[in-house]
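Novice: Structure incoming, see below.
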Amino acid sequence: MKKLLIIGGIIIIIFGLIVFLNLQANETKLQDNPYGTNDLKQSTIDLIGDENYSNIVMPDDLYEKVSSGESVTAYFFSPECQYCMKMTPTLMPIAKENDIHVYQYNMLEFSQESQPYGITSWPTLVHYKDGKEVARTVGLPDNPKEDIQAFFDKYDEK
């Protein structure tokens, strides 16, 4: 019986240590996060610091850029979307190679604020020009590298 209590105590201590270390890691990530709040879903926190998610845009900033008539490419994604998690590591290096700034809009955190853009599913890549949408691609393409490059070639000015 004593051995069982000792083993149970060790398991509880290990579990507590795991929870504590996870909370500490989250606090460190949240210190300089691009979202401006610490009230984030765990899947979003997990992406903080990932170079493929370094162009996060806040809803007001994206709205301002699009409304100003700027040429804007926005990528609407969710950290809980398996297709987004496959598309982003392909999309962002291609954008970087083409010197195109892609604003990344997190639908998990800002779904309510996305209404002006008519986003109903993701991943969605949209190009705006003169305040209007001129191109949209929805979902994970069959040939991601080729299709993303074709999208940039056709619609994005450098």
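So you can find residues: chains in the structure tokens are A, B, ... in the order shown, residues in each start at 1, and ligands are numbered from 1 in order.
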With a distance cut-off of 9 Å and only C-alpha atoms, select the neighbouring residues of Met87 (chain A), excluding the residue or stretch itself and same-chain residues fewer than 5 positions from it, and output the selection as a VMD selection string.
Specialist: chain A and resid 82 92 123 139 to 141 144
Novice: Can you tell me which residues surround Pro89 (chain A) at a distance of at most 10 Å, considering only C-alpha atoms, apart from same-chain residues fewer than 6 positions away, and format the answer as JSON, numbers by chain?
Specialist: {"A": [51, 52, 53]}
Novice: Any idea what's packed within 12 Å of Gly118 (chain A), counting only C-alpha atoms, ignoring anything in its chain fewer than 3 positions away? Could you give it as a list in words?
Specialist: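 With the cut-off at 12 Å, the set is Phe76, Met107, Ser111, Gln112, Glu113, Ser114, Gln115, Ser121, Trp122, Thr124, Val126, Glu133, Arg136 and Val138 of chain A.
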Novice: Keeping only all heavy atoms, write the selected residues as a short mmCIF file (atom, residue, chain, number, x, y, z; two decimals), in the first residue's frame.
Specialist:
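Below is the file that was written, again.cif:
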data_model
loop_
_atom_site.label_atom_id
_atom_site.label_comp_id
_atom_site.auth_asym_id
_atom_site.auth_seq_id
_atom_site.Cartn_x
_atom_site.Cartn_y
_atom_site.Cartn_z
N PHE A 76 -6.35 34.42 -44.55
CA PHE A 76 -7.24 34.13 -43.43
C PHE A 76 -7.05 32.65 -43.07
O PHE A 76 -7.26 31.77 -43.90
CB PHE A 76 -8.69 34.41 -43.83
CG PHE A 76 -8.93 35.85 -44.17
CD1 PHE A 76 -8.70 36.33 -45.46
CD2 PHE A 76 -9.38 36.73 -43.21
CE1 PHE A 76 -8.92 37.66 -45.77
CE2 PHE A 76 -9.61 38.07 -43.51
CZ PHE A 76 -9.37 38.53 -44.80
N MET A 107 -8.45 33.66 -37.84
CA MET A 107 -9.90 33.51 -37.74
C MET A 107 -10.35 32.94 -36.40
O MET A 107 -11.46 33.21 -35.96
CB MET A 107 -10.41 32.62 -38.88
CG MET A 107 -10.24 33.22 -40.25
SD MET A 107 -11.17 34.73 -40.51
CE MET A 107 -12.84 34.12 -40.44
N SER A 111 -12.80 35.93 -35.55
CA SER A 111 -13.82 35.53 -36.53
C SER A 111 -14.96 36.55 -36.63
O SER A 111 -15.46 36.82 -37.72
CB SER A 111 -14.38 34.15 -36.20
OG SER A 111 -15.02 34.17 -34.94
N GLN A 112 -15.37 37.15 -35.53
CA GLN A 112 -16.46 38.12 -35.55
C GLN A 112 -16.09 39.37 -36.35
O GLN A 112 -16.93 39.96 -37.02
CB GLN A 112 -16.86 38.53 -34.12
CG GLN A 112 -17.42 37.40 -33.30
CD GLN A 112 -18.71 36.83 -33.88
OE1 GLN A 112 -19.44 37.50 -34.59
NE2 GLN A 112 -18.99 35.58 -33.57
N GLU A 113 -14.83 39.76 -36.27
CA GLU A 113 -14.38 40.98 -36.94
C GLU A 113 -14.12 40.77 -38.43
O GLU A 113 -13.81 41.71 -39.15
CB GLU A 113 -13.09 41.50 -36.27
CG GLU A 113 -13.28 41.96 -34.84
CD GLU A 113 -13.11 40.83 -33.82
OE1 GLU A 113 -13.12 39.64 -34.20
OE2 GLU A 113 -12.97 41.15 -32.63
N SER A 114 -14.25 39.55 -38.91
CA SER A 114 -13.94 39.25 -40.32
C SER A 114 -15.14 39.41 -41.24
O SER A 114 -15.02 39.20 -42.45
CB SER A 114 -13.39 37.83 -40.44
OG SER A 114 -14.41 36.89 -40.20
N GLN A 115 -16.27 39.80 -40.72
CA GLN A 115 -17.49 39.90 -41.52
C GLN A 115 -17.34 40.76 -42.77
O GLN A 115 -17.88 40.40 -43.82
CB GLN A 115 -18.66 40.38 -40.66
CG GLN A 115 -19.09 39.33 -39.66
CD GLN A 115 -20.16 39.83 -38.72
OE1 GLN A 115 -20.48 41.01 -38.70
NE2 GLN A 115 -20.69 38.93 -37.92
N SER A 121 -14.85 30.12 -45.00
CA SER A 121 -14.01 28.94 -44.77
C SER A 121 -12.56 29.34 -44.98
O SER A 121 -12.26 30.37 -45.57
CB SER A 121 -14.41 27.79 -45.69
OG SER A 121 -14.28 28.16 -47.04
N TRP A 122 -11.67 28.50 -44.52
CA TRP A 122 -10.25 28.81 -44.59
C TRP A 122 -9.47 27.53 -44.79
O TRP A 122 -10.01 26.45 -44.52
CB TRP A 122 -9.78 29.57 -43.35
CG TRP A 122 -10.38 29.10 -42.07
CD1 TRP A 122 -9.89 28.12 -41.25
CD2 TRP A 122 -11.59 29.55 -41.49
NE1 TRP A 122 -10.74 27.94 -40.19
CE2 TRP A 122 -11.79 28.81 -40.31
CE3 TRP A 122 -12.55 30.50 -41.82
CZ2 TRP A 122 -12.88 28.99 -39.48
CZ3 TRP A 122 -13.64 30.68 -40.99
CH2 TRP A 122 -13.79 29.92 -39.83
N THR A 124 -8.00 30.94 -46.70
CA THR A 124 -8.44 31.80 -47.78
C THR A 124 -7.39 32.87 -48.02
O THR A 124 -6.96 33.54 -47.09
CB THR A 124 -9.80 32.47 -47.45
OG1 THR A 124 -10.78 31.45 -47.27
CG2 THR A 124 -10.23 33.40 -48.56
N VAL A 126 -6.66 36.27 -50.18
CA VAL A 126 -7.41 37.31 -50.91
C VAL A 126 -6.47 38.46 -51.24
O VAL A 126 -5.64 38.87 -50.42
CB VAL A 126 -8.59 37.84 -50.06
CG1 VAL A 126 -9.40 38.86 -50.85
CG2 VAL A 126 -9.48 36.71 -49.58
N GLU A 133 -11.91 43.68 -53.48
CA GLU A 133 -11.34 42.35 -53.69
C GLU A 133 -11.20 42.09 -55.19
O GLU A 133 -12.14 42.27 -55.94
CB GLU A 133 -12.27 41.30 -53.07
CG GLU A 133 -11.77 39.90 -53.24
CD GLU A 133 -12.68 38.87 -52.60
OE1 GLU A 133 -13.23 39.12 -51.52
OE2 GLU A 133 -12.82 37.80 -53.21
N ARG A 136 -9.43 35.78 -55.10
CA ARG A 136 -9.63 34.96 -53.90
C ARG A 136 -9.37 33.51 -54.26
O ARG A 136 -9.82 33.03 -55.28
CB ARG A 136 -11.05 35.13 -53.39
CG ARG A 136 -11.37 34.28 -52.16
CD ARG A 136 -12.82 34.42 -51.74
NE ARG A 136 -13.08 35.74 -51.20
CZ ARG A 136 -13.69 35.98 -50.05
NH1 ARG A 136 -14.11 34.99 -49.29
NH2 ARG A 136 -13.89 37.21 -49.64
N VAL A 138 -9.70 29.77 -52.11
CA VAL A 138 -10.19 29.18 -50.86
C VAL A 138 -9.79 27.71 -50.80
O VAL A 138 -9.90 26.99 -51.79
CB VAL A 138 -11.73 29.30 -50.77
CG1 VAL A 138 -12.25 28.67 -49.48
CG2 VAL A 138 -12.17 30.75 -50.86
#
Novice: Please identify which residues in chain A DSSP calls strand (DSSP E or B) from the backbone, and express them as JSON, numbers by chain.
Specialist: {"A": [56, 72, 73, 74, 75, 76, 77, 102, 103, 104, 105, 106, 124, 125, 126, 127, 128, 129, 132, 133, 134, 135, 136, 137, 138]}
Novice: Rounded to one decimal place, report the CA of Tyr155 (chain A)-CA of Asp60 (chain A) distance in Å.
Specialist: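 According to the coordinates, CA of Tyr155 (chain A) and CA of Asp60 (chain A) are separated by 23.6 Å.
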Novice: Take CA of Glu146 (chain A) and CA of Leu62 (chain A) and report the distance between them in Å, one decimal.
Specialist: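 Taking CA of Glu146 (chain A) and CA of Leu62 (chain A), their separation equals 26.5 Å.
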Novice: Give the answer as one residue: which of A:Tyr103, A:Phe15, A:Phe152, A:Tyr117 has the shortest atom-to-atom distance to Val72 (chain A), using only C-alpha atoms?
Specialist: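 Closest to Val72 (chain A), using only C-alpha atoms: A:Tyr103.
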Novice: Can you work out the spacing between CA of Ala150 (chain A) and CA of Asp130 (chain A) in Å, to one decimal?
Specialist: 21.1 Å
Novice: If you run DSSP on the backbone here, which positions in region 33-156 of chain A get helix (DSSP H, G or I)? Please write them as a count of residues only.
Specialist: 56
Novice: Near Ser43 (chain A), counting only C-alpha atoms, which residues have an atom at most 9 Å away, once you skip same-chain residues fewer than 6 positions from it, shown as a PyMOL selection string?
Specialist: chain A and resi 78-80+108
